[in-house]
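Novice: Handing you a structure now.
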Amino acid sequence: MPIIKSAIKRVRQSAKRRSRNLAVKRAIHDDVRTLQDSIASGDKKAVTENLKAAISEIDRAVKKGTLHKNTAARRKSSITKQANTVVGSAKPADKTAAAKVKPAAAKKSAPKTKAAKPKSK
């Protein structure tokens with residue numbers, strides 16, 4: 001055990017942080033396990049609900065600083081791929097993405113030429 005006051009406080013802080021981080025990680029683990037069980041059962045509705053809950057829990061861990069954002073992205077990608085084996089496409093259709101896609105047969109305008117500026121007096 002440390003003797004110096006600041007070191008004693010550090011031990012208390014690290015124990016508290018470890019406890020919090022483990023609770024967050026356990027919540028992620030439980031949600032992912034529930035998702036995997038629903039994937040095994042093949043229930044599409046349960047899979048989509050559990051996927052949403054697991055992704056939400058992972059995002060919450062990033063927000064709290066327990067997980068790095070790249071780790072979270074990797075985990076979300078992995079569980080989404082697993083869920084897609086049952087559901088097909090677990091993501092809801094993005095309406096804005098369809099609007100952003102330009103049609104291939106769009107008119108191509110001629111290059112614009114610079115108009116001569118009138119000289120001001």
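Identifiers for the structure tokens are assigned positionally: chains receive A, B, ... in sequence, residues are indexed from 1 per chain, and ligands are indexed from 1 in the order shown.
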Need to verify the contact set: Asp59 (chain A), 9 Å, only C-alpha atoms, exclusion of same-chain residues closer than 5 positions in sequence. Can you return it as a list of chain:residue names?
Specialist: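 The neighbour list is A:Ala54, A:Lys64, A:Leu67, A:Lys69, A:Ala72, A:Ala73.
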Novice: Within 10 Å of region 79-88 of chain A, counting only C-alpha atoms, which residues qualify if same-chain residues fewer than 2 places away don't, as a list of chain:residue names?
Specialist: A:Val32, A:Leu35, A:Gln36, A:Ser38, A:Ile39, A:Ala40, A:Ser41, A:Gly42, A:Asp43, A:Lys44, A:Lys45, A:Val47, A:Thr48, A:Asn50, A:Leu51, A:Lys52, A:Ala54, A:Ile55, A:Arg74, A:Arg75, A:Lys76, A:Ser77, A:Ala90, A:Lys91
Novice: Could you state the separation of CA of Ile4 (chain A) and CA of Arg17 (chain A) in Å, given to one decimal place?
Specialist: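 Spanning CA of Ile4 (chain A) to CA of Arg17 (chain A) is a straight-line distance of 20.1 Å.
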Novice: Residues near Ala61 (chain A), anyone? I mean within 10 Å using only C-alpha atoms, not counting same-chain ones fewer than 4 positions away, as a PyMOL selection string.
Specialist: chain A and resi 21+24-25+27-28+55-57+65-69+72
